>>> print(open('start.cif').read())   # mmCIF, C-alpha atoms and all ligand atoms
data_my_file
#
loop_
_atom_site.group_PDB
_atom_site.id
_atom_site.type_symbol
_atom_site.label_atom_id
_atom_site.label_comp_id
_atom_site.auth_asym_id
_atom_site.auth_seq_id
_atom_site.Cartn_x
_atom_site.Cartn_y
_atom_site.Cartn_z
ATOM 1 C CA MET C 229 -15.106 7.690 -17.764
ATOM 2 C CA ALA C 230 -15.944 7.982 -14.097
ATOM 3 C CA SER C 231 -18.844 10.182 -13.121
ATOM 4 C CA PRO C 232 -17.797 13.825 -12.696
ATOM 5 C CA HIS C 233 -19.262 13.771 -9.185
ATOM 6 C CA HIS C 234 -16.821 11.086 -8.155
ATOM 7 C CA PRO C 235 -13.539 11.879 -9.860
ATOM 8 C CA ARG C 236 -11.405 8.783 -9.656
ATOM 9 C CA LYS C 237 -7.908 9.928 -8.900
ATOM 10 C CA ALA C 238 -4.891 7.728 -8.489
ATOM 11 C CA LEU C 239 -3.531 7.327 -4.971
ATOM 12 C CA PRO C 240 -0.607 9.683 -4.457
ATOM 13 C CA ALA C 241 2.711 7.946 -4.003
ATOM 14 C CA ALA C 242 3.030 9.787 -0.685
ATOM 15 C CA ALA C 243 0.142 7.724 0.708
ATOM 16 C CA ASP C 244 2.718 5.142 1.749
ATOM 17 C CA ARG C 245 4.412 7.806 3.799
ATOM 18 C CA CYS C 246 1.403 8.661 5.922
ATOM 19 C CA CYS C 247 0.324 6.913 9.081
ATOM 20 C CA ALA C 248 -2.700 4.772 8.197
ATOM 21 C CA GLN C 249 -4.304 5.433 11.554
ATOM 22 C CA CYS C 250 -3.921 9.188 12.173
ATOM 23 C CA GLU C 251 -3.242 9.977 8.474
ATOM 24 C CA LYS C 252 -0.473 12.391 9.349
ATOM 25 C CA SER C 253 2.828 12.306 7.505
ATOM 26 C CA LEU C 254 5.467 9.988 8.884
ATOM 27 C CA GLY C 255 7.956 12.774 8.286
ATOM 28 C CA ARG C 256 11.353 12.645 6.691
ATOM 29 C CA ALA C 257 13.410 10.872 9.333
ATOM 30 C CA ALA C 258 10.469 8.895 10.610
ATOM 31 C CA VAL C 259 9.997 5.270 11.440
ATOM 32 C CA GLY C 260 7.019 3.337 10.122
ATOM 33 C CA TYR C 261 5.500 0.470 12.097
ATOM 34 C CA LEU C 262 4.195 -2.242 9.782
ATOM 35 C CA VAL C 263 0.949 -3.616 11.199
ATOM 36 C CA GLU C 264 -1.872 -5.981 10.270
ATOM 37 C CA GLY C 265 -5.253 -4.328 10.213
ATOM 38 C CA ILE C 266 -8.380 -3.540 8.283
ATOM 39 C CA ALA C 267 -8.774 -0.550 6.009
ATOM 40 C CA ARG C 268 -11.635 1.256 4.381
ATOM 41 C CA PRO C 269 -10.428 2.191 0.903
ATOM 42 C CA PRO C 270 -11.339 5.547 -0.643
ATOM 43 C CA GLY C 271 -14.102 5.713 -3.196
ATOM 44 C CA ARG C 272 -17.669 4.566 -3.267
ATOM 45 C CA ARG C 273 -17.337 0.929 -2.263
ATOM 46 C CA ARG C 274 -16.150 1.528 1.254
ATOM 47 C CA ARG C 275 -15.968 -1.981 2.638
ATOM 48 C CA TRP C 276 -13.406 -2.763 5.311
ATOM 49 C CA GLN C 277 -10.711 -5.090 4.028
ATOM 50 C CA PRO C 278 -7.673 -6.743 5.600
ATOM 51 C CA ARG C 279 -4.596 -4.668 4.941
ATOM 52 C CA ARG C 280 -1.032 -4.286 6.084
ATOM 53 C CA ALA C 281 -0.069 -0.687 6.551
ATOM 54 C CA LEU C 282 2.418 1.639 8.179
ATOM 55 C CA ILE C 283 1.524 3.596 11.259
ATOM 56 C CA CYS C 284 3.505 6.227 13.112
ATOM 57 C CA ARG C 285 5.354 5.747 16.358
ATOM 58 C CA THR C 286 2.782 7.761 18.296
ATOM 59 C CA CYS C 287 -0.127 5.592 17.146
ATOM 60 C CA TYR C 288 1.882 2.394 17.660
ATOM 61 C CA ARG C 289 2.815 3.305 21.227
ATOM 62 C CA ALA C 290 -0.696 4.496 22.058
ATOM 63 C CA GLY C 291 -2.186 1.201 20.887
ATOM 64 C CA SER C 292 0.432 -1.261 22.159
ATOM 65 C CA ALA C 293 0.246 -3.013 25.489
ATOM 66 C CA HIS C 294 1.605 -0.924 28.348
ATOM 67 C CA PRO C 295 5.372 -1.610 28.469
ATOM 68 C CA ARG C 296 5.469 -2.181 32.246
ATOM 69 C CA SER C 297 2.049 -3.477 33.236
ATOM 70 C CA GLY C 298 1.539 -5.441 30.020
ATOM 71 C CA LEU C 299 -2.094 -4.312 29.962
ATOM 72 C CA THR C 300 -3.650 -4.096 26.513
ATOM 73 C CA ARG C 301 -5.298 -0.854 25.391
ATOM 74 C CA PRO C 302 -8.910 -0.433 24.386
ATOM 75 C CA GLN C 303 -9.651 -1.135 20.727
ATOM 76 C CA ASP C 304 -10.329 2.589 20.188
ATOM 77 C CA ALA C 305 -6.642 3.297 20.646
ATOM 78 C CA ARG C 306 -5.884 1.378 17.447
ATOM 79 C CA ARG C 307 -8.687 2.776 15.355
ATOM 80 C CA GLY C 308 -8.490 5.686 12.918
ATOM 81 C CA ARG C 309 -10.984 7.056 10.421
ATOM 82 C CA ASN C 310 -10.089 4.547 7.706
ATOM 83 C CA PHE C 311 -7.837 2.025 9.393
ATOM 84 C CA GLU C 312 -7.755 -0.142 12.469
ATOM 85 C CA TRP C 313 -4.818 -2.331 13.409
ATOM 86 C CA PHE C 314 -4.401 -5.413 15.539
ATOM 87 C CA ALA C 315 -0.737 -6.295 15.757
ATOM 88 C CA LEU C 316 2.716 -5.753 14.352
ATOM 89 C CA VAL C 317 3.393 -7.853 11.227
ATOM 90 C CA GLY C 318 5.439 -11.000 11.950
ATOM 91 C CA ARG C 319 5.309 -13.609 14.662
ATOM 92 C CA GLY C 320 8.524 -12.873 16.522
ATOM 93 C CA THR C 321 9.543 -9.997 18.736
ATOM 94 C CA PRO C 322 9.793 -6.548 17.127
ATOM 95 C CA LEU C 323 12.988 -6.060 15.136
ATOM 96 C CA PRO C 324 14.941 -2.807 15.456
ATOM 97 C CA PRO C 325 14.088 -0.175 12.811
ATOM 98 C CA THR C 326 15.444 -1.504 9.511
ATOM 99 C CA PRO C 327 15.560 0.453 6.235
ATOM 100 C CA CYS C 328 13.076 -0.883 3.674
ATOM 101 C CA ALA C 329 15.021 -2.750 0.972
ATOM 102 C CA GLY C 330 12.993 -0.883 -1.632
ATOM 103 C CA CYS C 331 12.702 2.736 -0.517
ATOM 104 C CA GLY C 332 14.869 3.003 2.575
ATOM 105 C CA LEU C 333 12.126 4.030 4.977
ATOM 106 C CA LYS C 334 13.015 2.843 8.477
ATOM 107 C CA THR C 335 10.520 0.105 9.204
ATOM 108 C CA VAL C 336 9.700 -1.808 12.362
ATOM 109 C CA ARG C 337 8.095 -5.237 12.111
ATOM 110 C CA GLY C 338 8.102 -8.486 14.029
ATOM 111 C CA GLY C 339 10.718 -11.116 13.270
ATOM 112 C CA ASP C 340 9.914 -14.167 11.177
ATOM 113 C CA PRO C 341 12.007 -17.306 10.521
ATOM 114 C CA LEU C 342 11.485 -16.908 6.772
ATOM 115 C CA LEU C 343 12.156 -13.191 6.672
ATOM 116 C CA ARG C 344 14.934 -12.379 4.230
ATOM 117 C CA ARG C 345 14.615 -8.619 4.003
ATOM 118 C CA VAL C 346 12.432 -5.901 5.391
ATOM 119 C CA THR C 347 10.102 -4.001 3.072
ATOM 120 C CA CYS C 348 7.665 -1.263 4.051
ATOM 121 C CA SER C 349 4.846 -2.044 1.622
ATOM 122 C CA ALA C 350 3.511 -4.300 -1.097
ATOM 123 C CA ALA C 351 4.631 -1.669 -3.608
ATOM 124 C CA CYS C 352 8.252 -1.926 -2.505
ATOM 125 C CA ARG C 353 8.111 -5.735 -2.360
ATOM 126 C CA THR C 354 6.719 -5.885 -5.896
ATOM 127 C CA ALA C 355 9.267 -3.398 -7.195
ATOM 128 C CA LEU C 356 12.096 -5.515 -5.785
ATOM 129 C CA THR C 357 10.703 -8.698 -7.292
ATOM 130 C CA ARG C 358 10.602 -6.996 -10.678
ATOM 131 C CA VAL C 359 14.209 -5.874 -10.325
ATOM 132 C CA ARG C 360 15.254 -9.419 -9.426
ATOM 133 C CA ARG C 361 13.535 -10.815 -12.478
ATOM 134 C CA GLY C 362 15.236 -8.183 -14.596
ATOM 135 C CA GLY C 363 11.878 -6.874 -15.770
ATOM 136 C CA GLY C 364 12.499 -3.739 -17.745
ATOM 137 C CA GLY C 365 9.096 -3.657 -19.365
ATOM 138 C CA SER C 366 8.467 -3.620 -23.080
ATOM 139 C CA GLY C 367 9.993 -0.210 -23.735
ATOM 140 C CA ARG C 368 6.963 0.561 -25.887
ATOM 141 C CA PRO C 369 4.612 3.452 -25.119
ATOM 142 C CA CYS C 370 1.562 2.727 -22.960
ATOM 143 C CA PRO C 371 -1.517 2.813 -25.229
ATOM 144 C CA VAL C 372 -3.423 4.881 -22.636
ATOM 145 C CA CYS C 373 -1.011 7.619 -21.562
ATOM 146 C CA GLY C 374 1.871 7.212 -23.997
ATOM 147 C CA ARG C 375 4.573 6.897 -21.353
ATOM 148 C CA PRO C 376 7.153 4.166 -22.018
ATOM 149 C CA VAL C 377 6.565 0.906 -20.151
ATOM 150 C CA THR C 378 9.709 0.475 -18.089
ATOM 151 C CA THR C 379 8.641 -2.055 -15.471
ATOM 152 C CA GLY C 380 7.260 -5.563 -15.539
ATOM 153 C CA ARG C 381 7.668 -8.278 -18.102
ATOM 154 C CA ALA C 382 8.645 -7.766 -21.720
ATOM 155 C CA ASP C 383 5.038 -8.256 -22.822
ATOM 156 C CA THR C 384 3.585 -5.734 -20.346
ATOM 157 C CA LEU C 385 1.195 -3.502 -22.219
ATOM 158 C CA TYR C 386 0.461 -0.682 -19.763
ATOM 159 C CA ASP C 387 2.874 1.359 -17.666
ATOM 160 C CA ARG C 388 0.742 1.271 -14.507
ATOM 161 C CA ALA C 389 -2.335 -0.272 -12.972
ATOM 162 C CA ALA C 390 -4.395 2.901 -13.412
ATOM 163 C CA CYS C 391 -3.905 2.750 -17.190
ATOM 164 C CA ARG C 392 -4.739 -0.969 -17.297
ATOM 165 C CA GLN C 393 -7.960 -0.269 -15.410
ATOM 166 C CA LYS C 394 -8.819 2.681 -17.589
ATOM 167 C CA ALA C 395 -8.388 0.573 -20.724
ATOM 168 C CA TYR C 396 -10.511 -2.172 -19.183
ATOM 169 C CA ARG C 397 -13.305 0.250 -18.294
ATOM 170 C CA THR C 398 -13.246 1.753 -21.780
ATOM 171 C CA ARG C 399 -13.490 -1.731 -23.309
ATOM 172 C CA ARG C 400 -16.418 -2.578 -21.036
ATOM 173 C CA LYS C 401 -18.198 0.656 -21.982
ATOM 174 C CA ASP C 402 -17.721 -0.086 -25.671
ATOM 175 C CA GLU C 403 -19.091 -3.578 -25.219
ATOM 176 C CA ASP C 404 -22.094 -2.240 -23.293
ATOM 177 C CA ALA C 405 -22.762 0.321 -25.992
ATOM 178 C CA HIS C 406 -22.720 -2.377 -28.673
ATOM 179 C CA ALA C 407 -24.962 -4.602 -26.591
ATOM 180 C CA GLN C 408 -27.714 -1.990 -26.521
ATOM 181 C CA PRO C 409 -30.710 -2.740 -28.782
HETATM 182 ZN ZN ZN K 1 -0.332 7.929 13.503
HETATM 183 ZN ZN ZN K 2 9.630 0.859 1.049
HETATM 184 ZN ZN ZN K 3 -0.163 4.607 -19.116
#
>>> encode(input="start.cif", output="structure tokens")
Amino acid sequence: MASPHHPRKALPAAADRCCAQCEKSLGRAAVGYLVEGIARPPGRRRRWQPRRALICRTCYRAGSAHPRSGLTRPQDARRGRNFEWFALVGRGTPLPPTPCAGCGLKTVRGGDPLLRRVTCSAACRTALTRVRRGGGGSGRPCPVCGRPVTTGRADTLYDRAACRQKAYRTRRKDEDAHAQP
């Protein structure tokens, strides 16, 4: 179990719906701009890591080159508390807002010769891949939380990553306990 001073809670699903830079909600009819950047994940090990994330239109405009003069903005304009971005994802020119093939969120990204569909996040991309493979999970209950495993391959044991990690940590703790003299 995690220390009570640092309760480890799962990321809310709505995290995908917040601007990574200003951390405000993208709103219901909003457009997300998919950008390359670095993020500082929550928790104790707060190292900056490369991450693609969605930002809001306001942050995207404030950080993009000036539309007429072409002048780039200072780095500060692209930096939030836990995220800083560099550029729109993709090598080509920005595509018009396109609904994410997974969740429908209107997403703006740069074009790419190999781009087959627009997705807003790794979560949506993974979900689609699972659907394509026909992964319906094992149908058996997850040994950690008891919910049926409905995604992934037929031999998937846990229903979500949080449960897999929890089981792993418990195993490690057991092993440590046995290793003690
Ligand atoms: Zn924002
Ligand atoms: Zn999506
Ligand atoms: Zn579970």
>>> residues_near_ligand(input="start.cif", ligand="ligand ZN 3 (chain K)", cutoff="12 Å", atoms="only C-alpha atoms and all ligand atoms", output="list in words")
Arg368, Pro369, Cys370, Pro371, Val372, Cys373, Gly374, Arg375, Pro376, Val377, Thr378, Thr379, Thr384, Leu385, Tyr386, Asp387, Arg388, Ala389, Ala390, Cys391, Arg392, Gln393, Lys394 and Ala395 of chain C
>>> residues_around(input="start.cif", residues="stretch 248-251 of chain C", least_positions_apart="2", cutoff="9 Å", atoms="all atoms listed in the file", output="VMD selection string")
chain C and resid 243 to 246 253 to 254 267 281 to 284 287 306 to 313
>>> closest_residue(input="start.cif", among="C:Ala290, C:Leu343, C:Cys352, C:Val259", to="ligand ZN 2 (chain K)", atoms="all atoms listed in the file")
C:Cys352
>>> closest_residue(input="start.cif", among="C:Leu299, C:Cys331, C:Ile266, C:Ala305", to="ligand ZN 1 (chain K)", atoms="only C-alpha atoms and all ligand atoms")
C:Ala305
>>> residues_near_ligand(input="start.cif", ligand="ligand ZN 2 (chain K)", cutoff="12 Å", atoms="only C-alpha atoms and all ligand atoms", output="ChimeraX atom specification")
/C:241-245,259-262,281-282,326-336,345-356
>>> resolve_selection(input="start.cif", expression="the PyMOL selection byres (((chain C and resi 301) around 12) and not hetatm)", output="PyMOL selection string")
chain C and resi 287-295+297-300+302-307+314-315
>>> residues_around(input="start.cif", residues="C:Leu342", least_positions_apart="6", cutoff="12 Å", atoms="only C-alpha atoms", output="list in words")
Gly318, Arg319 and Gly320 of chain C
>>> atom_distance(input="start.cif", atom1="atom CA of C:Glu264", atom2="atom CA of C:Arg337")
10.2 Å
